$ cat protein_30.cif   # mmCIF, C-alpha atoms
data_final
loop_
_atom_site.label_atom_id
_atom_site.label_comp_id
_atom_site.auth_asym_id
_atom_site.auth_seq_id
_atom_site.Cartn_x
_atom_site.Cartn_y
_atom_site.Cartn_z
CA MET A 1 0.00 0.00 0.00
CA THR A 2 1.06 3.58 -0.51
CA PRO A 3 1.03 5.80 2.58
CA LYS A 4 -2.13 7.54 1.37
CA GLU A 5 -3.89 4.24 0.74
CA ARG A 6 -2.78 2.92 4.14
CA VAL A 7 -4.11 5.96 6.00
CA ARG A 8 -7.39 6.04 4.09
CA CYS A 9 -7.88 2.31 4.66
CA SER A 10 -7.36 2.62 8.42
CA LEU A 11 -9.59 5.67 8.72
CA ALA A 12 -12.32 3.77 6.86
CA TRP A 13 -12.08 1.16 9.67
CA HIS A 14 -10.44 -1.53 7.60
CA GLU A 15 -7.11 -3.08 8.54
CA PRO A 16 -4.28 -2.00 6.21
CA ASP A 17 -1.00 -3.82 5.54
CA ARG A 18 0.35 -2.16 8.72
CA ALA A 19 -0.79 0.63 11.01
CA PRO A 20 -0.20 4.13 9.64
CA ILE A 21 2.74 5.83 11.35
CA GLU A 22 3.26 9.40 12.56
CA ALA A 23 6.19 10.99 14.42
CA TYR A 24 6.17 14.01 16.74
CA LEU A 25 9.75 15.11 17.42
CA THR A 26 11.37 18.05 19.19
CA PRO A 27 14.14 19.71 17.15
CA GLU A 28 16.75 18.15 19.43
CA VAL A 29 15.39 14.64 18.88
CA LEU A 30 15.16 15.24 15.15
CA ALA A 31 18.83 16.25 15.14
CA SER A 32 19.79 13.10 17.07
CA LEU A 33 17.92 10.92 14.59
CA GLU A 34 19.48 12.74 11.65
CA ARG A 35 22.89 11.87 13.05
CA HIS A 36 21.83 8.26 13.51
CA PHE A 37 20.48 7.94 9.97
CA THR A 38 23.52 9.74 8.48
CA GLY A 39 21.79 12.21 6.23
CA ARG A 40 18.83 10.06 5.20
CA SER A 41 15.30 11.36 5.67
CA VAL A 42 14.24 10.71 9.26
CA LEU A 43 10.56 10.54 8.33
CA GLU A 44 11.20 8.01 5.59
CA CYS A 45 13.42 5.89 7.84
CA LEU A 46 10.74 5.83 10.55
CA GLY A 47 8.07 4.91 8.01
CA VAL A 48 5.99 8.05 8.55
CA ASP A 49 2.97 8.07 6.25
CA PHE A 50 2.02 11.75 6.65
CA ARG A 51 3.36 15.00 5.24
CA GLY A 52 2.20 18.58 5.82
CA VAL A 53 1.35 21.48 3.54
CA GLU A 54 0.83 25.08 4.52
CA ALA A 55 0.13 28.58 3.30
CA PRO A 56 3.11 30.60 4.60
CA TYR A 57 2.52 33.94 6.27
CA ARG A 58 3.82 36.87 4.20
CA GLY A 59 2.47 39.73 6.28
CA PRO A 60 4.09 42.18 8.69
CA LEU A 61 5.67 41.12 11.98
CA ARG A 62 6.74 43.22 14.92
CA ALA A 63 10.52 43.62 14.89
CA PRO A 64 12.49 41.60 17.49
CA GLU A 65 13.52 43.39 20.67
CA GLY A 66 16.81 41.96 21.90
CA ASP A 67 16.29 38.24 22.39
CA VAL A 68 12.49 38.58 22.23
CA PHE A 69 10.77 37.77 18.94
CA PHE A 70 7.10 38.10 18.01
CA ASP A 71 4.51 35.89 16.36
CA ILE A 72 1.74 36.91 13.99
CA TRP A 73 -0.60 37.65 16.93
CA GLY A 74 1.81 40.14 18.50
CA THR A 75 2.92 37.86 21.35
CA GLY A 76 6.59 38.15 22.31
CA TYR A 77 8.67 35.05 23.06
CA ARG A 78 12.04 34.26 24.54
CA ARG A 79 13.75 30.89 24.04
CA VAL A 80 14.26 29.23 27.43
CA LYS A 81 16.43 26.17 28.00
CA HIS A 82 15.16 23.43 30.30
CA GLY A 83 16.85 20.74 32.30
CA SER A 84 16.47 17.84 29.86
CA GLY A 85 18.68 19.44 27.22
CA GLY A 86 16.13 21.19 25.02
CA ALA A 87 14.53 24.62 24.76
CA TYR A 88 11.04 26.02 24.36
CA ASP A 89 9.79 29.42 23.26
CA GLU A 90 8.05 30.95 26.27
CA ALA A 91 5.67 33.91 26.02
CA VAL A 92 7.02 36.97 27.83
CA ILE A 93 5.06 39.85 26.22
CA HIS A 94 1.30 39.37 26.43
CA SER A 95 -0.08 41.78 23.88
CA LEU A 96 -3.62 40.44 24.18
CA ALA A 97 -3.75 41.30 27.88
CA ARG A 98 -3.98 45.00 27.01
CA PRO A 99 -7.50 45.30 25.49
CA ARG A 100 -10.11 46.38 28.02
CA THR A 101 -13.05 46.82 25.64
CA VAL A 102 -14.41 45.04 22.58
CA ASP A 103 -13.51 48.11 20.53
CA GLU A 104 -9.89 47.77 21.64
CA VAL A 105 -9.96 44.11 20.62
CA GLU A 106 -11.14 45.07 17.17
CA ALA A 107 -8.41 47.72 16.94
CA HIS A 108 -5.66 45.20 17.70
CA PRO A 109 -3.34 44.62 14.68
CA TRP A 110 -4.68 41.18 13.80
CA PRO A 111 -3.10 39.21 10.97
CA SER A 112 -5.14 39.15 7.81
CA PRO A 113 -6.00 35.91 5.97
CA ASP A 114 -4.92 37.81 2.86
CA ASP A 115 -1.33 37.68 4.18
CA PHE A 116 -1.20 33.87 3.89
CA ASP A 117 0.07 32.71 0.51
CA THR A 118 -2.00 29.77 -0.76
CA SER A 119 -0.63 29.95 -4.31
CA GLN A 120 1.67 26.93 -3.90
CA VAL A 121 -0.55 24.66 -1.81
CA GLU A 122 -1.62 22.44 -4.70
CA ALA A 123 1.97 22.22 -5.96
CA GLN A 124 3.05 21.18 -2.45
CA CYS A 125 0.42 18.43 -2.52
CA ASP A 126 1.56 17.23 -5.93
CA ALA A 127 5.21 17.16 -4.83
CA LEU A 128 4.34 14.90 -1.90
CA GLY A 129 3.00 12.22 -4.18
CA ASP A 130 1.52 9.23 -2.37
CA TYR A 131 1.80 10.48 1.21
CA ALA A 132 -1.27 11.31 3.29
CA ILE A 133 -1.43 15.10 3.25
CA VAL A 134 -2.24 17.20 6.32
CA CYS A 135 -2.89 20.92 6.77
CA GLY A 136 -3.27 22.86 9.99
CA GLY A 137 -1.90 21.63 13.31
CA PRO A 138 -2.41 21.66 17.08
CA GLY A 139 -2.36 25.48 17.04
CA THR A 140 -5.54 25.68 14.94
CA PRO A 141 -7.49 27.29 16.52
CA ASP A 142 -6.09 26.26 19.94
CA ILE A 143 -8.42 28.49 21.94
CA LEU A 144 -7.06 27.88 25.43
CA ASN A 145 -3.32 27.66 24.82
CA GLY A 146 -3.16 29.87 21.76
CA VAL A 147 -4.99 32.78 23.35
CA SER A 148 -3.29 32.32 26.72
CA ARG A 149 0.15 32.88 25.18
CA GLY A 150 -0.98 36.38 24.35
CA ARG A 151 -3.31 36.98 27.31
CA GLY A 152 -2.17 34.75 30.17
CA MET A 153 -3.61 31.36 31.10
CA GLU A 154 -5.33 32.53 34.27
CA GLN A 155 -7.08 35.37 32.47
CA VAL A 156 -8.30 33.14 29.64
CA VAL A 157 -9.75 30.65 32.11
CA ILE A 158 -11.54 33.54 33.85
CA ASP A 159 -12.73 34.85 30.46
CA ILE A 160 -14.28 31.50 29.66
CA ALA A 161 -15.78 30.91 33.09
CA THR A 162 -17.38 34.36 33.26
CA ARG A 163 -18.13 34.68 29.51
CA ASP A 164 -16.23 37.96 29.56
CA PRO A 165 -17.12 39.87 26.35
CA VAL A 166 -13.55 41.07 25.81
CA GLY A 167 -12.06 37.62 26.28
CA LEU A 168 -14.65 36.00 24.02
CA ALA A 169 -14.07 38.67 21.36
CA ILE A 170 -10.35 37.78 21.36
CA ILE A 171 -11.18 34.08 21.11
CA ASP A 172 -13.53 34.75 18.21
CA GLN A 173 -10.93 36.81 16.38
CA ARG A 174 -8.43 33.96 16.59
CA CYS A 175 -11.02 31.41 15.51
CA ALA A 176 -12.24 33.51 12.60
CA ILE A 177 -8.75 34.15 11.23
CA THR A 178 -7.55 30.57 11.56
CA TYR A 179 -10.82 29.28 10.09
CA GLU A 180 -10.46 31.47 7.01
CA VAL A 181 -6.81 30.51 6.52
CA MET A 182 -7.76 26.82 6.70
CA ARG A 183 -10.71 27.34 4.36
CA ARG A 184 -8.48 28.97 1.77
CA THR A 185 -5.79 26.30 2.23
CA LEU A 186 -8.26 23.46 1.73
CA ALA A 187 -9.75 25.18 -1.30
CA ALA A 188 -6.30 25.70 -2.80
CA GLY A 189 -5.54 22.00 -2.28
CA ARG A 190 -8.35 21.09 -4.69
CA GLY A 191 -9.33 17.92 -2.87
CA LYS A 192 -5.76 16.67 -2.42
CA ILE A 193 -5.59 17.33 1.35
CA ASP A 194 -6.53 14.25 3.35
CA ILE A 195 -6.65 15.59 6.92
CA LEU A 196 -7.42 18.93 8.57
CA HIS A 197 -5.49 18.96 11.86
CA ILE A 198 -6.90 21.15 14.62
CA GLY A 199 -6.07 21.47 18.30
CA GLU A 200 -7.60 22.18 21.69
CA ASP A 201 -6.44 20.88 25.05
CA THR A 202 -9.78 19.80 26.44
CA ALA A 203 -8.39 17.88 29.41
CA ASN A 204 -5.53 17.60 31.89
CA GLN A 205 -4.12 14.53 33.63
CA ARG A 206 -7.15 14.36 35.94
CA GLY A 207 -9.97 14.88 33.48
CA ARG A 208 -11.88 17.72 31.84
CA MET A 209 -10.30 21.18 31.77
CA PHE A 210 -13.77 22.78 31.77
CA SER A 211 -17.28 21.83 32.82
CA PRO A 212 -19.66 20.29 30.29
CA LYS A 213 -21.54 23.59 30.20
CA ASP A 214 -18.38 25.58 29.43
CA PHE A 215 -17.35 23.11 26.74
CA ASP A 216 -20.79 23.07 25.14
CA GLU A 217 -21.21 26.85 25.17
CA VAL A 218 -17.69 28.08 24.43
CA PHE A 219 -15.62 25.36 22.78
CA ARG A 220 -18.05 23.12 20.97
CA PRO A 221 -19.63 25.60 18.53
CA ARG A 222 -16.26 27.07 17.62
CA LEU A 223 -14.59 23.68 17.09
CA GLN A 224 -17.64 22.38 15.24
CA ARG A 225 -17.08 24.92 12.48
CA PHE A 226 -13.64 23.46 11.81
CA ILE A 227 -14.92 19.88 11.78
CA ASP A 228 -17.66 20.84 9.34
CA LEU A 229 -15.13 22.75 7.24
CA GLY A 230 -12.85 19.76 6.82
CA HIS A 231 -15.74 17.54 5.83
CA GLU A 232 -16.96 20.14 3.36
CA PHE A 233 -13.68 19.70 1.48
CA GLY A 234 -13.65 15.90 1.75
CA ALA A 235 -10.96 15.79 4.47
CA LYS A 236 -10.95 13.87 7.72
CA VAL A 237 -10.56 16.04 10.83
CA MET A 238 -8.06 15.27 13.58
CA LEU A 239 -8.18 17.03 16.95
CA HIS A 240 -5.10 17.24 19.18
CA SER A 241 -5.91 17.15 22.88
CA CYS A 242 -3.64 16.25 25.75
CA GLY A 243 -4.84 14.72 29.00
CA ASP A 244 -7.60 12.40 30.17
CA THR A 245 -10.23 12.93 27.47
CA HIS A 246 -12.32 9.82 28.12
CA ASP A 247 -15.32 11.81 29.34
CA LEU A 248 -15.42 13.66 26.01
CA HIS A 249 -15.08 10.76 23.58
CA LEU A 250 -18.81 10.37 22.97
CA THR A 251 -19.12 14.15 22.55
CA PHE A 252 -16.36 14.12 19.94
CA ILE A 253 -18.17 11.32 18.13
CA ASP A 254 -21.42 13.31 18.21
CA MET A 255 -19.55 16.29 16.71
CA GLY A 256 -18.37 14.13 13.82
CA LEU A 257 -14.68 14.19 14.74
CA ASP A 258 -12.72 11.53 12.87
CA ILE A 259 -9.43 11.25 14.79
CA LEU A 260 -8.38 12.08 18.36
CA ASP A 261 -4.67 12.93 18.27
CA SER A 262 -1.75 12.66 20.71
CA MET A 263 -3.71 10.47 23.08
CA GLN A 264 -1.92 10.02 26.39
CA PRO A 265 -1.94 6.56 28.03
CA GLU A 266 -0.76 7.78 31.45
CA PRO A 267 -3.83 9.45 33.04
CA PRO A 268 -5.75 7.12 35.38
CA GLY A 269 -8.98 7.58 33.42
CA MET A 270 -7.46 6.61 30.09
CA ASP A 271 -8.16 2.88 30.03
CA ILE A 272 -6.95 2.20 26.50
CA GLU A 273 -8.88 -0.97 25.82
CA ALA A 274 -12.11 0.42 27.25
CA ALA A 275 -11.70 3.58 25.16
CA ARG A 276 -11.06 1.50 22.07
CA GLU A 277 -14.27 -0.48 22.54
CA ARG A 278 -16.26 2.67 23.28
CA CYS A 279 -15.04 4.40 20.11
CA ARG A 280 -14.47 1.51 17.70
CA GLY A 281 -15.81 2.26 14.25
CA LYS A 282 -16.55 5.87 15.23
CA LEU A 283 -13.44 7.70 16.46
CA ALA A 284 -9.90 6.81 15.37
CA PHE A 285 -6.98 7.19 17.77
CA CYS A 286 -3.52 8.66 17.12
CA GLY A 287 -0.78 8.38 19.74
CA LEU A 288 -0.72 6.18 22.88
CA ILE A 289 3.05 5.58 22.89
CA SER A 290 4.04 7.04 26.25
CA THR A 291 6.33 10.07 26.15
CA GLN A 292 6.09 10.59 29.92
CA ARG A 293 7.18 7.15 31.08
CA THR A 294 8.02 4.39 28.64
CA LEU A 295 9.96 6.18 25.91
CA PRO A 296 12.18 8.31 28.17
CA PHE A 297 12.54 5.97 31.16
CA GLY A 298 11.69 2.45 30.01
CA THR A 299 13.99 -0.26 28.73
CA VAL A 300 14.15 -1.20 25.07
CA GLU A 301 12.13 -4.32 25.91
CA GLN A 302 9.44 -2.26 27.65
CA CYS A 303 9.24 0.07 24.67
CA ARG A 304 8.81 -2.87 22.32
CA ALA A 305 6.12 -4.38 24.53
CA GLU A 306 4.11 -1.15 24.63
CA ALA A 307 4.38 -0.75 20.87
CA ARG A 308 3.28 -4.35 20.33
CA HIS A 309 0.21 -3.86 22.56
CA ARG A 310 -0.89 -0.86 20.51
CA LEU A 311 -0.35 -2.74 17.25
CA ASP A 312 -1.86 -6.05 18.35
CA VAL A 313 -4.82 -4.68 20.32
CA VAL A 314 -5.60 -1.06 19.42
CA ALA A 315 -4.81 -1.21 15.69
CA ARG A 316 -6.90 -4.31 14.96
CA GLY A 317 -9.66 -3.51 12.50
CA GLY A 318 -8.25 -0.11 11.60
CA GLY A 319 -8.87 3.25 13.19
CA TYR A 320 -5.42 3.69 14.73
CA ILE A 321 -2.37 5.80 13.84
CA PHE A 322 0.82 4.66 15.57
CA ALA A 323 2.48 7.71 17.15
CA PRO A 324 4.00 9.08 20.34
CA ALA A 325 1.60 10.68 22.77
CA HIS A 326 3.35 14.04 22.34
CA ASN A 327 6.61 15.44 21.00
CA ILE A 328 9.42 13.07 21.96
CA GLN A 329 11.69 14.96 24.36
CA PRO A 330 15.49 15.32 24.27
CA ASP A 331 16.07 13.07 27.29
CA THR A 332 14.69 10.06 25.38
CA PRO A 333 17.28 7.42 24.39
CA VAL A 334 17.55 7.00 20.63
CA GLU A 335 17.50 3.21 21.04
CA ASN A 336 14.04 3.45 22.64
CA ILE A 337 12.74 5.51 19.72
CA LEU A 338 14.17 3.03 17.24
CA ALA A 339 12.64 0.13 19.17
CA VAL A 340 9.04 1.36 18.91
CA TYR A 341 9.37 2.30 15.25
CA GLU A 342 10.98 -1.04 14.44
CA GLU A 343 7.89 -2.72 15.87
CA ALA A 344 5.62 -0.45 13.84
CA THR A 345 7.48 -0.82 10.54
CA GLY A 346 8.42 -4.45 10.98
CA ARG A 347 12.03 -3.82 9.98
CA LYS A 348 15.38 -3.06 11.53
CA LEU A 349 16.24 0.65 11.56
CA MET A 350 19.94 1.07 10.84
#

$ encode --input "protein_30.cif" --output "structure tokens"
Amino acid sequence: MTPKERVRCSLAWHEPDRAPIEAYLTPEVLASLERHFTGRSVLECLGVDFRGVEAPYRGPLRAPEGDVFFDIWGTGYRRVKHGSGGAYDEAVIHSLARPRTVDEVEAHPWPSPDDFDTSQVEAQCDALGDYAIVCGGPGTPDILNGVSRGRGMEQVVIDIATRDPVGLAIIDQRCAITYEVMRRTLAAGRGKIDILHIGEDTANQRGRMFSPKDFDEVFRPRLQRFIDLGHEFGAKVMLHSCGDTHDLHLTFIDMGLDILDSMQPEPPGMDIEAARERCRGKLAFCGLISTQRTLPFGTVEQCRAEARHRLDVVARGGGYIFAPAHNIQPDTPVENILAVYEEATGRKLM
């Protein structure tokens, strides 16, 4: 099977020649794997069946200030090293904390969908040949995390809980802009994009991030537009959400979501086999290879055993994408990464 055929087969709830494979890697892990594979494509060596396309942003950006750089929303970031050998870009200038009225929200220098160049999207699709093609990502629209980087997490939670008009206006601006960019990207792909990838952290390690009422009134209608958009263009829709999402699985199914991405096996409520039976034939899973425990701290044998469980139990009958539960972190031994992907591909990775 080609990668595209393999992915489509699994998402149609038939069992392909092997489970489709995805890889989520930090830059440091990617560099380590590039050294291991001596210049060969890491994604090809790992058997990854997916490739991404995008409409690059060509609009104005606020000029860097020292070691602080800015994103399209006006949020300022500084790269901060952490103890495991990597670095993350942490928000240090919260431009979306300044608006105090809805008029001030509207006056904010928002990016325009016109500043995203969709002219090469179809050519990108054609160049990727037989891979399953994805647009978007976990940051689309990413209401909680995306807005909090510019406004502060505590304030966004308060905005949602109190239905603050200013906070909701900011959320709606982000959703409207990202929706239009995705709509134009899908249209430019002319039916060649297989998956629209969106993101929203709906849970933490202990369960729901927000009450059912908050989810139904704030998150659901906004996310529903993206699910409907993907289906309008013949694409499957994949939602990234960390945490213990088990209480939302039936809601996701009711919304028409096709794939739940980056599923974490560690939370107490995430009984993998129970979740599989609850969602079989209705909601595909992507992830479930532990990036909190097994990959960084397990033995090679434990990594192989976890991979085999996902392949032998979860992947049966289709509806599963083999992937880590999040970006693999720099403190993860390369031999553990190779072990799980050797199980998934069925071949030795040299």

$ residues_around --input "protein_30.cif" --residues "stretch 256-273 of chain A" --least-positions-apart "3" --cutoff "7 Å" --atoms "all atoms listed in the file" --output "ChimeraX atom specification"
/A:205-206,227,236-244,246,252-253,276-277,283-288,290,324-326

$ residues_around --input "protein_30.cif" --residues "stretch 297-313 of chain A" --least-positions-apart "2" --cutoff "10 Å" --atoms "all atoms listed in the file" --output "PyMOL selection string"
chain A and resi 18-19+272-273+276+287-295+315-317+320-324+331-344

$ resolve_selection --input "protein_30.cif" --expression "the PyMOL selection byres ((chain A and resi 95) around 7)" --output "VMD selection string"
chain A and resid 74 to 75 93 to 94 96 to 98 150 to 151

$ closest_residue --input "protein_30.cif" --among "A:Ile171, A:Leu349, A:Ala187, A:Val181" --to "A:Phe219" --atoms "only C-alpha atoms"
A:Ile171

$ atom_distance --input "protein_30.cif" --atom1 "atom CA of A:Thr178" --atom2 "atom CA of A:Pro113"
7.9 Å

$ resolve_selection --input "protein_30.cif" --expression "the PyMOL selection byres ((chain A and resi 105) around 9)" --output "PyMOL selection string"
chain A and resi 96+98-104+106-109+166-167+169-170+173

$ resolve_selection --input "protein_30.cif" --expression "the PyMOL selection byres ((chain A and resi 60-62) around 12)" --output "JSON, numbers by chain"
{"A": [57, 58, 59, 63, 64, 65, 68, 69, 70, 71, 72, 73, 74, 75, 76, 77, 93, 95, 109, 110, 111, 112, 114, 115, 116]}

$ write_last_selection --input "protein_30.cif" --atoms "C-alpha atoms" --output "mmCIF file, in the frame of the given file"
data_model
loop_
_atom_site.group_PDB
_atom_site.id
_atom_site.type_symbol
_atom_site.label_atom_id
_atom_site.label_comp_id
_atom_site.auth_asym_id
_atom_site.auth_seq_id
_atom_site.Cartn_x
_atom_site.Cartn_y
_atom_site.Cartn_z
ATOM 1 C CA TYR A 57 2.520 33.940 6.270
ATOM 2 C CA ARG A 58 3.820 36.870 4.200
ATOM 3 C CA GLY A 59 2.470 39.730 6.280
ATOM 4 C CA ALA A 63 10.520 43.620 14.890
ATOM 5 C CA PRO A 64 12.490 41.600 17.490
ATOM 6 C CA GLU A 65 13.520 43.390 20.670
ATOM 7 C CA VAL A 68 12.490 38.580 22.230
ATOM 8 C CA PHE A 69 10.770 37.770 18.940
ATOM 9 C CA PHE A 70 7.100 38.100 18.010
ATOM 10 C CA ASP A 71 4.510 35.890 16.360
ATOM 11 C CA ILE A 72 1.740 36.910 13.990
ATOM 12 C CA TRP A 73 -0.600 37.650 16.930
ATOM 13 C CA GLY A 74 1.810 40.140 18.500
ATOM 14 C CA THR A 75 2.920 37.860 21.350
ATOM 15 C CA GLY A 76 6.590 38.150 22.310
ATOM 16 C CA TYR A 77 8.670 35.050 23.060
ATOM 17 C CA ILE A 93 5.060 39.850 26.220
ATOM 18 C CA SER A 95 -0.080 41.780 23.880
ATOM 19 C CA PRO A 109 -3.340 44.620 14.680
ATOM 20 C CA TRP A 110 -4.680 41.180 13.800
ATOM 21 C CA PRO A 111 -3.100 39.210 10.970
ATOM 22 C CA SER A 112 -5.140 39.150 7.810
ATOM 23 C CA ASP A 114 -4.920 37.810 2.860
ATOM 24 C CA ASP A 115 -1.330 37.680 4.180
ATOM 25 C CA PHE A 116 -1.200 33.870 3.890
#

$ residues_around --input "protein_30.cif" --residues "A:Arg190" --least-positions-apart "2" --cutoff "12 Å" --atoms "only C-alpha atoms" --output "PyMOL selection string"
chain A and resi 118-126+183-188+192-194+232-235

$ residues_around --input "protein_30.cif" --residues "A:Gly83" --least-positions-apart "3" --cutoff "12 Å" --atoms "only C-alpha atoms" --output "VMD selection string"
chain A and resid 80 86 to 88 329 to 331

$ write_last_selection --input "protein_30.cif" --atoms "C-alpha atoms" --output "PDB file, keeping the file's coordinate frame"
ATOM      1  CA  VAL A  80      14.260  29.230  27.430  1.00  0.00           C
ATOM      2  CA  GLY A  86      16.130  21.190  25.020  1.00  0.00           C
ATOM      3  CA  ALA A  87      14.530  24.620  24.760  1.00  0.00           C
ATOM      4  CA  TYR A  88      11.040  26.020  24.360  1.00  0.00           C
ATOM      5  CA  GLN A 329      11.690  14.960  24.360  1.00  0.00           C
ATOM      6  CA  PRO A 330      15.490  15.320  24.270  1.00  0.00           C
ATOM      7  CA  ASP A 331      16.070  13.070  27.290  1.00  0.00           C
TER       8      ASP A 331
END

$ atom_distance --input "protein_30.cif" --atom1 "atom CA of A:Leu11" --atom2 "atom CA of A:Gly319"
5.1 Å

$ atom_distance --input "protein_30.cif" --atom1 "atom CA of A:Ala275" --atom2 "atom CA of A:Asp214"
23.4 Å

$ axis_aligned_box --input "protein_30.cif" --around "stretch 80-84 of chain A" --padding-each-side "5 Å" --output "AutoDock Vina command-line options"
--center_x 15.6 --center_y 23.5 --center_z 29.9 --size_x 12.6 --size_y 21.4 --size_z 14.9

$ decode --input "protein_30.cif" --residues "stretch 6-27 of chain A" --atoms "C-alpha atoms" --output "mmCIF file, in the first residue's frame"
data_model
loop_
_atom_site.group_PDB
_atom_site.id
_atom_site.type_symbol
_atom_site.label_atom_id
_atom_site.label_comp_id
_atom_site.auth_asym_id
_atom_site.auth_seq_id
_atom_site.Cartn_x
_atom_site.Cartn_y
_atom_site.Cartn_z
ATOM 1 C CA ARG A 6 -2.784 2.916 4.140
ATOM 2 C CA VAL A 7 -4.115 5.964 5.996
ATOM 3 C CA ARG A 8 -7.392 6.037 4.092
ATOM 4 C CA CYS A 9 -7.882 2.312 4.664
ATOM 5 C CA SER A 10 -7.360 2.616 8.419
ATOM 6 C CA LEU A 11 -9.594 5.671 8.724
ATOM 7 C CA ALA A 12 -12.319 3.768 6.857
ATOM 8 C CA TRP A 13 -12.085 1.164 9.665
ATOM 9 C CA HIS A 14 -10.436 -1.535 7.602
ATOM 10 C CA GLU A 15 -7.111 -3.079 8.543
ATOM 11 C CA PRO A 16 -4.277 -2.002 6.214
ATOM 12 C CA ASP A 17 -0.995 -3.819 5.541
ATOM 13 C CA ARG A 18 0.350 -2.165 8.716
ATOM 14 C CA ALA A 19 -0.793 0.628 11.008
ATOM 15 C CA PRO A 20 -0.195 4.134 9.635
ATOM 16 C CA ILE A 21 2.737 5.830 11.348
ATOM 17 C CA GLU A 22 3.259 9.405 12.558
ATOM 18 C CA ALA A 23 6.189 10.991 14.424
ATOM 19 C CA TYR A 24 6.174 14.006 16.740
ATOM 20 C CA LEU A 25 9.752 15.106 17.425
ATOM 21 C CA THR A 26 11.367 18.051 19.188
ATOM 22 C CA PRO A 27 14.139 19.710 17.152
#
